[in-house]
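One file, protein19.pdb, is given below (PDB, C-alpha atoms and all ligand atoms).
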ATOM      1  CA  MET A   1       3.857   9.052 -16.449
ATOM      2  CA  SER A   2       4.715   5.739 -17.992
ATOM      3  CA  GLY A   3       1.986   5.410 -20.586
ATOM      4  CA  ALA A   4       0.083   3.339 -18.065
ATOM      5  CA  ASP A   5      -3.231   4.970 -18.928
ATOM      6  CA  VAL A   6      -3.400   3.268 -22.305
ATOM      7  CA  GLN A   7      -2.949  -0.195 -20.808
ATOM      8  CA  ALA A   8      -5.428  -2.569 -19.244
ATOM      9  CA  PRO A   9      -5.737  -2.057 -15.504
ATOM     10  CA  VAL A  10      -3.988  -4.463 -13.150
ATOM     11  CA  LEU A  11      -6.775  -3.844 -10.683
ATOM     12  CA  ALA A  12     -10.322  -2.814 -11.435
ATOM     13  CA  CYS A  13     -12.828  -2.209  -8.650
ATOM     14  CA  THR A  14     -16.284  -1.466  -9.974
ATOM     15  CA  GLY A  15     -19.357  -0.437  -8.019
ATOM     16  CA  LEU A  16     -17.918  -1.587  -4.682
ATOM     17  CA  GLU A  17     -20.299  -1.562  -1.757
ATOM     18  CA  VAL A  18     -19.300  -2.221   1.835
ATOM     19  CA  ARG A  19     -21.557  -1.803   4.860
ATOM     20  CA  PHE A  20     -20.821  -2.055   8.561
ATOM     21  CA  GLY A  21     -24.242  -2.387  10.155
ATOM     22  CA  GLY A  22     -25.953   0.896   9.311
ATOM     23  CA  VAL A  23     -22.764   2.580   8.073
ATOM     24  CA  VAL A  24     -22.304   2.562   4.301
ATOM     25  CA  ALA A  25     -18.505   2.696   4.097
ATOM     26  CA  LEU A  26     -18.344   2.278   0.307
ATOM     27  CA  ASP A  27     -21.287   3.173  -1.882
ATOM     28  CA  GLY A  28     -20.716   2.078  -5.475
ATOM     29  CA  VAL A  29     -17.051   3.013  -5.769
ATOM     30  CA  ASP A  30     -14.933   2.510  -8.892
ATOM     31  CA  PHE A  31     -11.168   2.325  -8.442
ATOM     32  CA  PRO A  32      -9.094   1.455 -11.507
ATOM     33  CA  VAL A  33      -5.329   1.005 -11.163
ATOM     34  CA  ALA A  34      -3.399   1.028 -14.443
ATOM     35  CA  ARG A  35      -0.456  -1.337 -14.837
ATOM     36  CA  GLY A  36       2.829   0.382 -14.055
ATOM     37  CA  SER A  37       1.113   3.354 -12.446
ATOM     38  CA  ILE A  38       1.353   4.949  -9.045
ATOM     39  CA  THR A  39      -2.313   5.507  -8.222
ATOM     40  CA  ALA A  40      -3.494   7.400  -5.174
ATOM     41  CA  LEU A  41      -6.653   7.133  -3.140
ATOM     42  CA  ILE A  42      -7.304  10.244  -1.103
ATOM     43  CA  GLY A  43     -10.148  11.759   0.899
ATOM     44  CA  PRO A  44     -11.037  13.084   4.331
ATOM     45  CA  ASN A  45     -10.921  10.891   7.453
ATOM     46  CA  GLY A  46     -13.574   8.182   7.401
ATOM     47  CA  ALA A  47     -14.074   8.485   3.626
ATOM     48  CA  GLY A  48     -13.632   4.728   3.145
ATOM     49  CA  LYS A  49     -10.024   4.545   1.902
ATOM     50  CA  THR A  50      -8.802   1.800   4.237
ATOM     51  CA  THR A  51     -12.073  -0.050   3.721
ATOM     52  CA  LEU A  52     -11.404  -0.079  -0.020
ATOM     53  CA  LEU A  53      -7.911  -1.562   0.526
ATOM     54  CA  ASN A  54      -9.477  -4.100   2.901
ATOM     55  CA  ALA A  55     -12.003  -5.017   0.213
ATOM     56  CA  VAL A  56      -9.220  -5.482  -2.350
ATOM     57  CA  THR A  57      -7.168  -7.708  -0.023
ATOM     58  CA  GLY A  58     -10.251  -9.633   1.112
ATOM     59  CA  LEU A  59     -10.276  -8.480   4.741
ATOM     60  CA  VAL A  60     -13.821  -7.171   4.440
ATOM     61  CA  ARG A  61     -16.675  -8.681   2.495
ATOM     62  CA  VAL A  62     -18.259  -6.586  -0.235
ATOM     63  CA  ALA A  63     -22.048  -6.361  -0.438
ATOM     64  CA  GLY A  64     -21.915  -5.447  -4.112
ATOM     65  CA  GLY A  65     -19.614  -4.732  -7.031
ATOM     66  CA  ALA A  66     -16.631  -6.611  -8.405
ATOM     67  CA  ILE A  67     -12.851  -6.690  -8.057
ATOM     68  CA  THR A  68     -10.749  -7.974 -10.927
ATOM     69  CA  LEU A  69      -7.011  -8.583 -11.018
ATOM     70  CA  ASN A  70      -5.565  -8.787 -14.516
ATOM     71  CA  GLY A  71      -9.097  -9.315 -15.756
ATOM     72  CA  ALA A  72      -9.830 -12.255 -13.439
ATOM     73  CA  ASP A  73     -12.620 -11.869 -10.889
ATOM     74  CA  ILE A  74     -11.114 -12.134  -7.377
ATOM     75  CA  THR A  75     -14.147 -10.774  -5.506
ATOM     76  CA  ALA A  76     -14.868 -14.098  -3.787
ATOM     77  CA  LEU A  77     -11.278 -15.241  -3.176
ATOM     78  CA  PRO A  78      -9.998 -15.542   0.412
ATOM     79  CA  PRO A  79      -7.147 -13.163   1.415
ATOM     80  CA  HIS A  80      -4.324 -15.720   1.073
ATOM     81  CA  ARG A  81      -5.322 -16.506  -2.525
ATOM     82  CA  ARG A  82      -5.235 -12.798  -3.379
ATOM     83  CA  ALA A  83      -1.791 -12.501  -1.783
ATOM     84  CA  ALA A  84      -0.662 -15.523  -3.779
ATOM     85  CA  ALA A  85      -1.935 -13.756  -6.906
ATOM     86  CA  GLY A  86       0.395 -10.838  -6.112
ATOM     87  CA  VAL A  87      -1.703  -8.390  -4.088
ATOM     88  CA  VAL A  88       0.379  -7.338  -1.073
ATOM     89  CA  ARG A  89      -0.167  -4.480   1.353
ATOM     90  CA  THR A  90       1.111  -2.500   4.289
ATOM     91  CA  PHE A  91      -1.138  -1.294   7.095
ATOM     92  CA  GLN A  92      -2.100   2.168   8.348
ATOM     93  CA  ASN A  93      -1.198   1.034  11.867
ATOM     94  CA  LEU A  94       2.208  -0.622  11.895
ATOM     95  CA  GLU A  95       2.095  -4.416  12.079
ATOM     96  CA  THR A  96       5.526  -5.203  13.498
ATOM     97  CA  PHE A  97       6.697  -8.420  15.137
ATOM     98  CA  SER A  98       8.403  -6.697  18.064
ATOM     99  CA  ASN A  99      10.205  -9.795  19.360
ATOM    100  CA  MET A 100      12.071 -10.241  16.067
ATOM    101  CA  SER A 101      15.010  -8.518  14.422
ATOM    102  CA  VAL A 102      14.473  -6.203  11.480
ATOM    103  CA  LEU A 103      15.711  -8.896   9.069
ATOM    104  CA  GLU A 104      13.449 -11.555  10.609
ATOM    105  CA  ASN A 105      10.469  -9.243  10.191
ATOM    106  CA  VAL A 106      11.243  -8.897   6.492
ATOM    107  CA  MET A 107      11.801 -12.673   6.206
ATOM    108  CA  THR A 108       8.172 -13.246   7.198
ATOM    109  CA  GLY A 109       7.317 -11.632   3.847
ATOM    110  CA  ALA A 110       9.888 -13.716   1.978
ATOM    111  CA  HIS A 111       8.494 -17.006   3.307
ATOM    112  CA  ARG A 112       5.552 -16.605   0.974
ATOM    113  CA  VAL A 113       7.811 -16.971  -2.058
ATOM    114  CA  ILE A 114      10.578 -19.231  -0.711
ATOM    115  CA  ARG A 115       8.944 -22.378   0.595
ATOM    116  CA  TYR A 116       9.864 -25.809   1.859
ATOM    117  CA  PRO A 117       7.770 -28.687   3.178
ATOM    118  CA  LEU A 118       7.248 -28.551   6.942
ATOM    119  CA  ALA A 119       9.067 -31.857   7.492
ATOM    120  CA  HIS A 120      12.287 -30.239   6.255
ATOM    121  CA  ALA A 121      11.962 -27.525   8.894
ATOM    122  CA  LEU A 122      11.237 -30.117  11.615
ATOM    123  CA  PHE A 123      14.220 -32.274  10.776
ATOM    124  CA  LYS A 124      16.500 -29.402   9.767
ATOM    125  CA  THR A 125      17.465 -30.998   6.450
ATOM    126  CA  PRO A 126      20.015 -29.516   4.007
ATOM    127  CA  LEU A 127      17.093 -28.268   1.901
ATOM    128  CA  TYR A 128      15.807 -26.368   4.933
ATOM    129  CA  PHE A 129      19.146 -24.634   5.429
ATOM    130  CA  ARG A 130      19.460 -23.796   1.722
ATOM    131  CA  ARG A 131      15.967 -22.285   1.621
ATOM    132  CA  GLU A 132      16.492 -20.379   4.876
ATOM    133  CA  ARG A 133      19.694 -18.934   3.430
ATOM    134  CA  ALA A 134      17.864 -17.960   0.226
ATOM    135  CA  CYS A 135      15.084 -16.418   2.294
ATOM    136  CA  ARG A 136      17.595 -14.433   4.369
ATOM    137  CA  ASP A 137      19.453 -13.202   1.257
ATOM    138  CA  HIS A 138      16.184 -12.244  -0.412
ATOM    139  CA  ALA A 139      15.013 -10.344   2.695
ATOM    140  CA  MET A 140      18.415  -8.652   2.972
ATOM    141  CA  ALA A 141      18.109  -7.433  -0.642
ATOM    142  CA  GLN A 142      14.774  -5.783   0.207
ATOM    143  CA  LEU A 143      16.264  -4.080   3.264
ATOM    144  CA  ASP A 144      19.099  -2.836   1.090
ATOM    145  CA  PHE A 145      16.558  -1.508  -1.433
ATOM    146  CA  VAL A 146      14.884   0.690   1.214
ATOM    147  CA  GLY A 147      18.227   1.700   2.783
ATOM    148  CA  LEU A 148      17.954  -0.289   6.021
ATOM    149  CA  ALA A 149      20.564  -3.021   5.436
ATOM    150  CA  HIS A 150      22.766  -1.633   8.204
ATOM    151  CA  LEU A 151      19.939  -2.203  10.719
ATOM    152  CA  ALA A 152      19.201  -5.821   9.724
ATOM    153  CA  ASP A 153      20.231  -7.341  13.052
ATOM    154  CA  ALA A 154      18.701  -4.669  15.279
ATOM    155  CA  PRO A 155      15.616  -5.637  17.280
ATOM    156  CA  ALA A 156      12.597  -4.151  15.500
ATOM    157  CA  THR A 157      11.677  -2.408  18.772
ATOM    158  CA  GLU A 158      14.802  -0.238  18.467
ATOM    159  CA  LEU A 159      13.878   1.245  15.092
ATOM    160  CA  ALA A 160      12.745   4.845  14.804
ATOM    161  CA  TYR A 161       9.212   5.241  13.494
ATOM    162  CA  GLY A 162      10.284   6.295   9.989
ATOM    163  CA  SER A 163      12.512   3.221   9.685
ATOM    164  CA  LEU A 164       9.681   0.950  10.840
ATOM    165  CA  ARG A 165       7.537   2.262   7.985
ATOM    166  CA  LEU A 166      10.341   1.422   5.533
ATOM    167  CA  MET A 167      10.779  -2.008   7.146
ATOM    168  CA  GLU A 168       7.102  -2.690   6.451
ATOM    169  CA  ILE A 169       7.609  -1.770   2.815
ATOM    170  CA  ALA A 170      10.654  -4.076   2.663
ATOM    171  CA  ARG A 171       8.545  -6.903   4.108
ATOM    172  CA  ALA A 172       5.830  -6.306   1.515
ATOM    173  CA  LEU A 173       8.444  -6.241  -1.283
ATOM    174  CA  ALA A 174       9.868  -9.537  -0.013
ATOM    175  CA  ALA A 175       6.564 -11.136  -1.013
ATOM    176  CA  GLN A 176       7.252 -10.059  -4.616
ATOM    177  CA  PRO A 177       3.991  -8.220  -5.236
ATOM    178  CA  GLU A 178       2.598  -7.421  -8.620
ATOM    179  CA  LEU A 179       0.356  -4.826  -6.983
ATOM    180  CA  LEU A 180       1.550  -3.115  -3.806
ATOM    181  CA  LEU A 181      -1.062  -1.378  -1.647
ATOM    182  CA  LEU A 182       0.255   1.163   0.871
ATOM    183  CA  ASP A 183      -2.053   2.575   3.564
ATOM    184  CA  GLU A 184      -0.698   5.970   4.664
ATOM    185  CA  PRO A 185       2.992   5.141   4.307
ATOM    186  CA  ALA A 186       3.995   8.736   5.173
ATOM    187  CA  ALA A 187       1.929   8.985   8.371
ATOM    188  CA  GLY A 188       4.188  10.165  11.178
ATOM    189  CA  LEU A 189       7.155  10.881   8.910
ATOM    190  CA  ASN A 190       8.956  14.225   8.812
ATOM    191  CA  MET A 191       9.500  16.100   5.537
ATOM    192  CA  LYS A 192      12.905  14.592   4.824
ATOM    193  CA  GLU A 193      11.682  11.057   5.521
ATOM    194  CA  THR A 194       8.645  11.693   3.315
ATOM    195  CA  ARG A 195      10.880  12.775   0.417
ATOM    196  CA  THR A 196      12.963   9.615   0.844
ATOM    197  CA  LEU A 197       9.773   7.551   0.891
ATOM    198  CA  GLY A 198       8.562   9.210  -2.320
ATOM    199  CA  ALA A 199      11.804   8.305  -4.068
ATOM    200  CA  ILE A 200      11.534   4.702  -2.835
ATOM    201  CA  ILE A 201       7.930   4.382  -4.074
ATOM    202  CA  ARG A 202       9.038   5.643  -7.496
ATOM    203  CA  ARG A 203      11.904   3.126  -7.559
ATOM    204  CA  ILE A 204       9.510   0.310  -6.604
ATOM    205  CA  ARG A 205       7.572   1.106  -9.761
ATOM    206  CA  ASP A 206      10.511   1.963 -12.025
ATOM    207  CA  GLU A 207      13.084  -0.645 -10.958
ATOM    208  CA  ARG A 208      10.861  -3.473  -9.729
ATOM    209  CA  GLY A 209       8.011  -2.989 -12.184
ATOM    210  CA  VAL A 210       5.511  -3.121  -9.341
ATOM    211  CA  THR A 211       2.224  -1.249  -9.697
ATOM    212  CA  VAL A 212       1.547   0.862  -6.609
ATOM    213  CA  ALA A 213      -1.769   2.040  -5.152
ATOM    214  CA  LEU A 214      -1.511   4.194  -2.071
ATOM    215  CA  VAL A 215      -3.743   5.897   0.430
ATOM    216  CA  GLU A 216      -2.173   9.086   1.747
ATOM    217  CA  HIS A 217      -2.990  12.394   3.406
ATOM    218  CA  ASP A 218       0.304  14.094   2.494
ATOM    219  CA  MET A 219      -0.748  16.078  -0.564
ATOM    220  CA  ASP A 220       2.754  17.196  -1.524
ATOM    221  CA  LEU A 221       3.778  13.545  -1.770
ATOM    222  CA  ILE A 222       0.614  12.542  -3.634
ATOM    223  CA  MET A 223       0.850  15.365  -6.166
ATOM    224  CA  ASP A 224       4.545  14.616  -6.664
ATOM    225  CA  ILE A 225       4.440  10.865  -7.350
ATOM    226  CA  SER A 226       0.935   9.951  -8.549
ATOM    227  CA  ASP A 227      -0.108   9.281 -12.140
ATOM    228  CA  ALA A 228      -3.800   9.137 -11.241
ATOM    229  CA  ILE A 229      -5.867  10.012  -8.192
ATOM    230  CA  THR A 230      -9.279   8.877  -6.989
ATOM    231  CA  VAL A 231     -10.930  11.039  -4.341
ATOM    232  CA  LEU A 232     -13.406   9.474  -1.931
ATOM    233  CA  ASN A 233     -15.827  11.367   0.280
ATOM    234  CA  PHE A 234     -18.374   9.697   2.575
ATOM    235  CA  GLY A 235     -17.911   6.389   0.777
ATOM    236  CA  ARG A 236     -18.500   7.810  -2.685
ATOM    237  CA  GLU A 237     -16.177   8.716  -5.507
ATOM    238  CA  LEU A 238     -15.892  12.484  -5.651
ATOM    239  CA  ALA A 239     -13.401  12.744  -8.488
ATOM    240  CA  HIS A 240     -10.882  10.800 -10.551
ATOM    241  CA  GLY A 241      -8.100  12.291 -12.638
ATOM    242  CA  THR A 242      -4.508  13.406 -12.914
ATOM    243  CA  PRO A 243      -2.936  15.388 -10.050
ATOM    244  CA  ALA A 244      -3.437  18.628 -12.022
ATOM    245  CA  GLU A 245      -7.115  17.849 -12.630
ATOM    246  CA  ILE A 246      -7.717  16.949  -8.999
ATOM    247  CA  GLN A 247      -5.981  20.094  -7.715
ATOM    248  CA  ARG A 248      -8.332  22.355  -9.635
ATOM    249  CA  ASN A 249     -11.504  20.345  -9.042
ATOM    250  CA  PRO A 250     -13.896  22.562  -7.022
ATOM    251  CA  ALA A 251     -15.711  19.584  -5.462
ATOM    252  CA  VAL A 252     -12.408  18.255  -4.104
ATOM    253  CA  VAL A 253     -11.465  21.643  -2.716
ATOM    254  CA  ALA A 254     -14.861  21.903  -1.028
ATOM    255  CA  ALA A 255     -14.569  18.440   0.510
ATOM    256  CA  TYR A 256     -11.239  19.303   2.085
ATOM    257  CA  LEU A 257     -11.815  22.905   3.098
ATOM    258  CA  GLY A 258     -15.564  23.297   3.498
ATOM    259  CA  GLU A 259     -17.705  25.327   1.127
ATOM    260  CA  ASP A 260     -16.837  28.856   2.358
ATOM    261  CA  GLU A 261     -13.070  28.585   2.261
ATOM    262  CA  ALA A 262     -13.271  26.637  -0.991
ATOM    263  CA  GLU A 263     -14.826  29.654  -2.635
ATOM    264  CA  ASP A 264     -11.824  31.784  -1.687
ATOM    265  CA  ALA A 265      -9.377  29.098  -2.743
ATOM    266  CA  ALA A 266     -11.104  28.075  -5.966
ATOM    267  CA  PRO A 267      -8.919  29.992  -8.472
ATOM    268  CA  GLY A 268      -5.699  28.370  -7.291
ATOM    269  CA  ALA A 269      -7.198  25.248  -5.888
ATOM    270  CA  GLY A 270      -3.794  23.545  -5.713
ATOM    271  CA  LYS A 271      -3.131  24.665  -2.171
ATOM    272  CA  ALA A 272      -6.567  23.705  -1.021
ATOM    273  CA  ALA A 273      -6.144  19.978  -1.059
ATOM    274  CA  GLN A 274      -3.152  20.315   1.253
ATOM    275  CA  GLY A 275      -5.620  20.985   4.025
ATOM    276  CA  GLY A 276      -6.142  17.227   4.274
ATOM    277  CA  GLY A 277      -3.760  17.012   7.217
ATOM    278  CA  ARG A 278      -3.176  13.835   9.123
TER     279      ARG A 278
HETATM  280  N1  LIG B   1     -14.660  -2.728  11.067
HETATM  281  C1  LIG B   1     -15.494  -1.696  11.051
HETATM  282  N2  LIG B   1     -16.667  -1.726  11.724
HETATM  283  C2  LIG B   1     -17.533  -0.701  11.706
HETATM  284  N3  LIG B   1     -17.321   0.438  11.019
HETATM  285  C3  LIG B   1     -16.180   0.544  10.335
HETATM  286  C4  LIG B   1     -15.196  -0.500  10.298
HETATM  287  N4  LIG B   1     -14.162  -0.114   9.517
HETATM  288  C5  LIG B   1     -14.467   1.122   9.090
HETATM  289  N5  LIG B   1     -15.664   1.514   9.558
HETATM  290  C6  LIG B   1     -16.344   2.795   9.254
HETATM  291  O1  LIG B   1     -16.358   2.933   7.840
HETATM  292  C7  LIG B   1     -16.071   4.277   7.471
HETATM  293  C8  LIG B   1     -14.841   4.329   6.599
HETATM  294  O2  LIG B   1     -13.690   4.016   7.408
HETATM  295  P1  LIG B   1     -12.236   3.880   6.803
HETATM  296  O3  LIG B   1     -11.362   3.369   7.900
HETATM  297  O4  LIG B   1     -12.276   3.106   5.558
HETATM  298  O5  LIG B   1     -11.884   5.402   6.483
HETATM  299  P2  LIG B   1     -10.521   6.049   5.941
HETATM  300  O6  LIG B   1     -10.864   6.809   4.722
HETATM  301  O7  LIG B   1      -9.463   5.026   5.851
HETATM  302  O8  LIG B   1     -10.187   7.100   7.104
HETATM  303  P3  LIG B   1      -8.762   7.578   7.729
HETATM  304  O9  LIG B   1      -8.237   8.625   6.791
HETATM  305  O10 LIG B   1      -9.166   8.173   9.038
HETATM  306  O11 LIG B   1      -7.886   6.388   7.864
HETATM  307  C9  LIG B   1     -15.962   5.054   8.772
HETATM  308  O12 LIG B   1     -17.227   5.608   9.065
HETATM  309  C10 LIG B   1     -15.591   3.999   9.771
HETATM  310  O13 LIG B   1     -15.987   4.362  11.069
HETATM  311 MG    MG B   2      -7.659   4.697   6.805
END

Target encoding structure tokens, full file:
Amino acid sequence: MSGADVQAPVLACTGLEVRFGGVVALDGVDFPVARGSITALIGPNGAGKTTLLNAVTGLVRVAGGAITLNGADITALPPHRRAAAGVVRTFQNLETFSNMSVLENVMTGAHRVIRYPLAHALFKTPLYFRRERACRDHAMAQLDFVGLAHLADAPATELAYGSLRLMEIARALAAQPELLLLDEPAAGLNMKETRTLGAIIRRIRDERGVTVALVEHDMDLIMDISDAITVLNFGRELAHGTPAEIQRNPAVVAAYLGEDEAEDAAPGAGKAAQGGGR
């Protein structure tokens, strides 16, 4: 814990409501993310976790509530303005450019921060080459950070699944986020890859100073790296607290295991939440 709980939140979602036709995906949800924290959003399938990340990045419209970034209301901003303000994400389903190399994929993230006027790209001016070189070096540094530098020139299609997940994180880091949102970064990873991922997420916070909010089903990972956890169930907040508080919260245990089993598990509720599965 980095003392983040005493600081103003980077992100504050209050009373968020999102509806898809008759489905109420978010029903008055609060989600505060303290600066310098690793904050988790967990809950059963369909609870509204991805929808909340989509609301924060502007991919879905909210019917009610507010989203503030560093105290400024961003609820009505289009997605690109939120990205420009430092909110960057990865997706639950991989979003890879399969016709590009690994490095080129990461460079698409770097282009947000290293820019040149279009005319320079058209006429291939010296400025264009300098900026492209800077973009390449910057992308390479992100690949190095996640341990994929040796695969920079490989076609993205040749990467194993675990490496693709890390490539996505490198691409998000290339955009120099202030707040990094990760949607199920450990999905499909084996235990060793998940441990490596956990260490990388910690280093993103500790070495880069980036605040991280992640959605995840892997409870070992969540309990290991999170400072704070919000639990969603059927679009509502079920609980908010530290990993230890969440592990012994009977309502959380019940949501994951069902009422009957929760009763058996209640004394040592820690194991219960691991039933989240994938
Ligand atoms: N674009 C959409 N159109 C209609 N319904 C949607 C849409 N996106 C999500 N939903 C519905 O909203 C609810 C919340 O979905 P969401 O994807 O946010 O859940 P989740 O917590 O991310 O689940 P999972 O753990 O399976 O990824 C679900 O009932 C889902 O079917
Ligand atoms: Mg989801």

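For the set A:Asn54, A:Gln92, A:Gln176, A:Thr194, the residue with the smallest atom-to-atom gap to Ile114 in chain A is A:Gln176, counting all atoms listed in the file.
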
**Prompt:** If the PyMOL selection byres (((chain A and resi 69) around 9) and not hetatm) is run on the structure shown, which residues does it catch, given as a PyMOL selection string?
**Reply:** chain A and resi 9-13+67-68+70-74+82+85+87

**Message:** I'd like to know which of A:Asn45, A:Thr242, A:Thr230, A:Thr157 is closest to Pro32 in chain A, using only C-alpha atoms.
**Reply:** A:Thr230

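We find CA of Leu148 in chain A and CA of Arg112 in chain A to be spaced 21.1 Å apart.
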
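Listed by chain and then residue number, the contacts of ligand LIG 1 (chain B) are A:Arg19, A:Phe20, A:Gly21, A:Val23, A:Val24, A:Ala25, A:Leu26, A:Ile42, A:Gly43, A:Pro44, A:Asn45, A:Gly46, A:Ala47, A:Gly48, A:Lys49, A:Thr50, A:Thr51, A:Leu52, A:Gln92, A:Glu184, A:Val215, A:Glu216, A:His217, A:Leu232, A:Phe234, A:Gly235, A:Arg278 (distance at most 8 Å, using only C-alpha atoms and all ligand atoms).
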
Those residues with C-alpha atoms, as a PDB file, keeping the file's coordinate frame please?
ATOM      1  CA  ARG A  19     -21.557  -1.803   4.860  1.00  0.00           C
ATOM      2  CA  PHE A  20     -20.821  -2.055   8.561  1.00  0.00           C
ATOM      3  CA  GLY A  21     -24.242  -2.387  10.155  1.00  0.00           C
ATOM      4  CA  VAL A  23     -22.764   2.580   8.073  1.00  0.00           C
ATOM      5  CA  VAL A  24     -22.304   2.562   4.301  1.00  0.00           C
ATOM      6  CA  ALA A  25     -18.505   2.696   4.097  1.00  0.00           C
ATOM      7  CA  LEU A  26     -18.344   2.278   0.307  1.00  0.00           C
ATOM      8  CA  ILE A  42      -7.304  10.244  -1.103  1.00  0.00           C
ATOM      9  CA  GLY A  43     -10.148  11.759   0.899  1.00  0.00           C
ATOM     10  CA  PRO A  44     -11.037  13.084   4.331  1.00  0.00           C
ATOM     11  CA  ASN A  45     -10.921  10.891   7.453  1.00  0.00           C
ATOM     12  CA  GLY A  46     -13.574   8.182   7.401  1.00  0.00           C
ATOM     13  CA  ALA A  47     -14.074   8.485   3.626  1.00  0.00           C
ATOM     14  CA  GLY A  48     -13.632   4.728   3.145  1.00  0.00           C
ATOM     15  CA  LYS A  49     -10.024   4.545   1.902  1.00  0.00           C
ATOM     16  CA  THR A  50      -8.802   1.800   4.237  1.00  0.00           C
ATOM     17  CA  THR A  51     -12.073  -0.050   3.721  1.00  0.00           C
ATOM     18  CA  LEU A  52     -11.404  -0.079  -0.020  1.00  0.00           C
ATOM     19  CA  GLN A  92      -2.100   2.168   8.348  1.00  0.00           C
ATOM     20  CA  GLU A 184      -0.698   5.970   4.664  1.00  0.00           C
ATOM     21  CA  VAL A 215      -3.743   5.897   0.430  1.00  0.00           C
ATOM     22  CA  GLU A 216      -2.173   9.086   1.747  1.00  0.00           C
ATOM     23  CA  HIS A 217      -2.990  12.394   3.406  1.00  0.00           C
ATOM     24  CA  LEU A 232     -13.406   9.474  -1.931  1.00  0.00           C
ATOM     25  CA  PHE A 234     -18.374   9.697   2.575  1.00  0.00           C
ATOM     26  CA  GLY A 235     -17.911   6.389   0.777  1.00  0.00           C
ATOM     27  CA  ARG A 278      -3.176  13.835   9.123  1.00  0.00           C
TER      28      ARG A 278
END

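Counting all atoms listed in the file and comparing A:Ala76, A:Leu221, A:Leu189, A:Leu143, the residue that lies closest to Arg171 in chain A is A:Leu143.
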
**Prompt:** So, counting all atoms listed in the file, which residue among A:Leu182, A:Leu151, A:Ala175, A:Ala156 is closest to Met107 in chain A?
**Reply:** A:Ala175

**Prompt:** For ligand MG 2 (chain B), which residue out of A:Ala187, A:Ala121, A:Ile38, A:Leu173 is the nearest one, using only C-alpha atoms and all ligand atoms?
**Reply:** A:Ala187
